[in-house]
Amino acid sequence: MPLEGIWLDIEYMDGYRNFEVNTTRFEDLIKLSTALKDKKQKLITIVDAGFQLNSTYPYYRSADENNLFIKSNKNPTLHNGNLIGKVWPGKSAFLDFWNPKTTNFWVNALKGLYTLTNTDGIWIDMNECTTFCDGECPGDEQMGADANSTYPYSPTGKNYTIQNFSLSMDGQHFSLDEKSKLLNTEFNMHSLYGHLQAKATYQFWMDETAVNGRRPFVLSRSTFAGSGSYTAHWLGDNWSKWEYMRYSISGILSFNLYGIPLVGADVCGFHGKFDPEMCARWMQLSTFYPFARNHYNLTDLGKEFLPPQEPYNLEGKFKVAAKNAINQRYGWLRYFYTRLFEIHKYGGGTLVRPLFFEFPDDEQAGGNYEDTFMVGSALKVTPVLTPEAENKGNVQSYFPAKSRFISLSDLKTIVETGEKGQNVTLAASWDYTNVHLKEGSIVPWQNVSESQSSILRTFNLAKDIGLNLIVFPDKNGNAEGTVFIETDGDDMSAFNVNHFEYYKLRYDNKTLRISLMDGHGSEGKLESPNHLIRNVFILGVGKLNATDLAACSYSSNLQGSDILADYSEEGQYVRLTVNQATPMYIHQVLALQFTAGKSDTAFCKSTYKVDSVTSNNKSKIEMVITSDFNLPSMKVTFILVKNNLVRVLVEDPSKQAFKVTDDVFNPEMLPLDGHLSLEDIESVLTVPKAGETFFFEIHEPNTQKVIYSTKGQQLVFSPNYIKMTSVINSNGRIFGLGERVGDFFLKEGVYTMWNRDEPSPTENGARPGNNIYGTHPVYFSQMKSSNQFFAVFDNNAGAQDVIIERDPNGMKLTHIKTSGVTDLLIILNGDIKAVVGEFINLVGHPVMVPEWSLGWHQCRYGYNTSEQVKDVVENYLSHDIPLDVIWTDIDYMDMYKDFTLSKEYFGDLPAYVAKWKTDHAIRYVPILDAAVAYEEGSKDTAYSRGVEQKVFIADPNNPKAPFVGKVWPGPAVFIDWLADNAQKYWVDELTKLFQIIQFDGVWIDMNEAANFCNGHCYNEQKVASSIQNNLFYIPGSRDLNTKSISIDAKHKDGSTELEAHSLYGFYMSKATSAYFSQTKARPFVITRSTYSGVGKFVSHWLGDNFSQFDMLKHSIGGIYLFNMFGVPVTGADICGFILDTYPELCARWYALGAFYPFARNHNDKNSVPQEPYVDMFQAKMPGTNATYTAFMREMSLKRYALHRYHYSSIHRASTDGSVYFRPLFYSYPDDSNAFSNVEQNIMLGDSVKVSPIVSSVSSQQFYFPEKGATWCPIWPKYQLG
């Protein structure tokens, strides 16, 4: 029979004393523990609350000498004042865990026990705290009633005092003063004992020196709210009775609600003589206990010895049932542990839950909740809770209204209810516990018969047994689930470095998609047997023709390969089986797909043939291509836009697909129809003839030197899965592909573009994606055999991934998109300045900002009043620190609502702003968020005017109503920038705001657009069949609704948020810039969310970063990228936004930030203030007589000293598209050394090199190019750097 571990109750102790072993009965516990560990089994030992009153007992003596016991208020001089009760070792004292020294004592004592036992878990008992005498009994008799036990009301009722079997309520806990002494009595603190003891025990487990980094396992009888952070729980001493088996279910349901999901009862009962039939049924029930342990008393309350109730002592069908139950449990443990991981990592929830949790609209689901319950959201369990003589071989199970379940006993019997639920008769089988799978679910299951071991343990689940996935689609053909997998299961250090894999599983359209959501830490991908996919069962598929079945698996780079598929006519399910000769680990699989007829679309080995070729002029070729794989025919248009710019447009002529509007482009380039070209397109393009397999190659003009080729690569063009693989002539130096934080050059990996509100995740090229605020689907690459570059821009705003791999002919890039058309613009090879310049010319030259925008800016989220803002300005002035612009975050608004001003807290701000501008030429910039506060029934508000003008994105289920999300003001709506009147609405609202407070620039934020809900916020917004279910591939391997507007939300032109999402910031930027155009002022707009071409309108900051040297370093690469994207005035939050900065870091950041195109000190209200004059910066810098404030002042002044150079360079960028803030190799592409350490070698224009220190060092070497040249320091170097 499977066995995970052996538990030792108090019998192993010497005299029932904690931390001492009876070496007569247990002469070598270490040997026993080692033998168990050799079999991959565990030893768990009990520890009680009481310490024997014995001066020769070292643990009592040590705790007594350090005054660590609860004290008696009745006997302050007896036994050193310790409160004495009576438990198993006799007279005993009890540790006071309120004393801050007690935890250290307890941890060291447990370390001593670990040395004696090598225990794998700690079971803490009697910790209510229990004593066999009521109150205290230092002598032979227990003492009288306590003052604290005689209150008029007692929750224990009339028959028992409040201290029955409990310590004296007058007991005194540790106190620092007389006031706390009055409060810190056992009466007030009694029920916290078990919680604090569990917390201290957990601390022992978290000490790696004690337990070698293993995960904590603590089991406590006594608990309090929050104890689940430290301990599991069992329901205490129960009885071997049928009703107690039933009671255990409600106890487990309750503790899951209390945040203690790992909970169970003593299986078969602790007290009383057990009934074998009842024990077998209890074993079946315990299959789905979170914590399952058979534990019983030696005697029935000390009277007679009880028969052994280990399951192997059962006989006949009862023994078989018990063994089957344990095996069944092990098969589901992967599902259990996945849910426990989610509860731990992602914010709570339940493992075991009542039926009404899943079906709250069915009143009947709340009745008889012990008879059937849910494990997670997928499994419905129906235990047998009555004897066979009563149930007659059947059990009734309630199935809620509007539900659909399938039996996992036969994989075919479906129970489907209508408007009302129904009771269904199920067999009270001895072979299995009745369990049903809810429709729309995917669950992991392991077939324990695969185990190579004679005794099954969780070790085998990781080492021997592969993974099966069971899918039961809903009526729309959709299902989802998750699975957590690792190699060990006990290693805490591995868990802490994300050495695990957590996958989201989605099924629809006969396709199972597997997306890594978390894990893959420092040790790389996991490849133990439990990561092997054995089978995928798709249940309830109906009647299929087995001869038409075909199946395919897709690898991490979307390459397809055949797998086995078979169909059960009896069960009407499909089984997909991975070929065991070539085993496949789950991390190698992105999707599994089957087809059951010619009408099904398959992407596995799709190819296209050229149907026709048309050429009407020398700059343009049109083709129609067709596929035999039920994919639509496509029209492909090749245009030589300019002599060095090729356009490749792929679209379905039979349907209108979403296209990014021409607003992205430089108006002077439009239309992109070839009218600017003087050459023949065939000079740079190779394509096949009619009847041949489709491909295309772009090469250098009039040569065969290929730059970009799809020859021999798979292409897929379908409405929601567009895949184009190309081999490019690249030496591996590739940069671009959206906004990201990390190394400037992209390594082999996967890179996601989908605008997302996420604070600066470091890019590692792995799934799940580390995409953030901006989508710029363009990459630049250096060629293999020359110093020339080329660029590829795919003008598509949908969710997309680019997979970069090495190839014998250069680099291979697979571009996967989920919507829209393929609109490639390939800039042919040339000098990097020419290639980047051509891209900027294509999307539009940067906006010309006002001069003051290049000055110094100050902001903070947390300036809560206009007086605080005033203090900041006055401190800058009094400390002689330059300041051009003061900003306010959302604090200035009335209830965080756009276009409002808090009269209560910022009523004086308009007057202050006017005075600062008049007296000191200090400008003011406020923030505006992307969403407008939802104010139903309001009049003359931004919301009411927007509703009247119909400018908000629509609810997917009610197109006449706006989609309501949640952001800072609470419920909020989002502007539909694709509506013709949206820009006018926004400009009008800005005009109204200017009448309230006269701003000089605008900061637009949260415009990815961000949402505090993941898609829908309310159940009525949830779409029955989301468009996400139609996505064969999900870029970023993350729910696209995460922190976003629902991707099903509707726009005025009929498009969905899936298609238009990443354009929100672009159009908000365009509209905000339009406001300044009408005022005749040079626009200064800072946006967080961006798309290609946005630089024509606005500038950018790099979003929410962290106060860390890595973020300082990565900011440089971010500014490089945006300069090459055509957004030169870009910067990062100087000194960092999140976490507390410190003087060394902030000084280094000022030294760098002085040369940012956009320089602003800004941080979060939960971080320490970091204005340059605050107290921490008044300290002297090491090795100098200057304060940090003086240094920051000097760096600010250096910025102003170069202002004319800065502004001239920005003017030049706005007129000819040149790059200002650039990496060294941009100016010196022929110098191979210029490509190293790009973050430490900055060129400002052609003339100034900045060499920043980006780590905590006092000095550093830097590279200077151009042999024989002289580089002159503009200023003398600062002492010690």
# chains A, B, ... in the order shown; residues from 1 in each chain; ligands from 1
call {"tool": "select_by_dssp", "arguments": {"residues": "range 268-488 of chain A", "states": "strand (DSSP E or B)", "output": "PyMOL selection string"}}
result
chain A and resi 271+293-294+299+305+352-354+373-375+379-382+394-399+404-407+414-416+422-427+434-438+441-445+467-472+479-485
call {"tool": "select_by_dssp", "arguments": {"residues": "range 21-148 of chain A", "states": "alpha helix (DSSP H)", "output": "PyMOL selection string"}}
result
chain A and resi 29-38+58-65+102-117
call {"tool": "residues_around", "arguments": {"residues": "Trp1101 in chain A", "least_positions_apart": "6", "cutoff": "6 Å", "atoms": "only C-alpha atoms", "output": "mmCIF file with all heavy atoms, in the first residue's frame"}}
result
data_model
loop_
_atom_site.group_PDB
_atom_site.id
_atom_site.type_symbol
_atom_site.label_atom_id
_atom_site.label_comp_id
_atom_site.auth_asym_id
_atom_site.auth_seq_id
_atom_site.Cartn_x
_atom_site.Cartn_y
_atom_site.Cartn_z
ATOM 1 N N THR A 1130 13.233 61.173 -24.014
ATOM 2 C CA THR A 1130 12.864 60.034 -23.176
ATOM 3 C C THR A 1130 13.772 60.013 -21.958
ATOM 4 O O THR A 1130 14.945 60.374 -22.038
ATOM 5 C CB THR A 1130 13.004 58.717 -23.961
ATOM 6 O OG1 THR A 1130 12.076 58.714 -25.049
ATOM 7 C CG2 THR A 1130 12.712 57.505 -23.090
ATOM 8 N N GLY A 1131 13.225 59.576 -20.845
ATOM 9 C CA GLY A 1131 14.023 59.446 -19.629
ATOM 10 C C GLY A 1131 13.409 58.432 -18.696
ATOM 11 O O GLY A 1131 12.333 57.884 -18.959
ATOM 12 N N ALA A 1132 14.100 58.173 -17.598
ATOM 13 C CA ALA A 1132 13.626 57.250 -16.563
ATOM 14 C C ALA A 1132 13.442 58.028 -15.266
ATOM 15 O O ALA A 1132 14.018 59.110 -15.094
ATOM 16 C CB ALA A 1132 14.627 56.117 -16.360
#
call {"tool": "closest_atom_pairs", "arguments": {"of": "range 1076-1177 of chain A", "to": "range 782-800 of chain A", "cutoff": "12 Å", "atoms": "only C-alpha atoms", "output": "CSV"}}
result
residue,atom,partner,partner_atom,distance
A:Thr1090,CA,A:Ala797,CA,10.7
A:Tyr1091,CA,A:Ala797,CA,7.8
A:Ser1092,CA,A:Asn795,CA,8.3
A:Gly1093,CA,A:Asn795,CA,10.4
A:Met1124,CA,A:Ala791,CA,11.2
A:Phe1125,CA,A:Phe793,CA,10.8
call {"tool": "closest_residue", "arguments": {"among": "A:Arg1193, A:Ile1086, A:Tyr193, A:Arg353", "to": "Gly251 in chain A", "atoms": "only C-alpha atoms"}}
result
A:Arg353
call {"tool": "closest_residue", "arguments": {"among": "A:Trp242, A:Phe1066, A:Phe305, A:Phe291", "to": "Ile260 in chain A", "atoms": "only C-alpha atoms"}}
result
A:Phe291
call {"tool": "closest_residue", "arguments": {"among": "A:Gln1170, A:Asn67, A:Ser619, A:Thr350", "to": "Tyr861 in chain A", "atoms": "only C-alpha atoms"}}
result
A:Gln1170
call {"tool": "atom_distance", "arguments": {"atom1": "CA of His520 in chain A", "atom2": "CA of Phe537 in chain A"}}
result
26.3 Å
call {"tool": "closest_residue", "arguments": {"among": "A:Ser250, A:Asn118, A:Ser781, A:Gln656", "to": "Ile826 in chain A", "atoms": "only C-alpha atoms"}}
result
A:Ser781
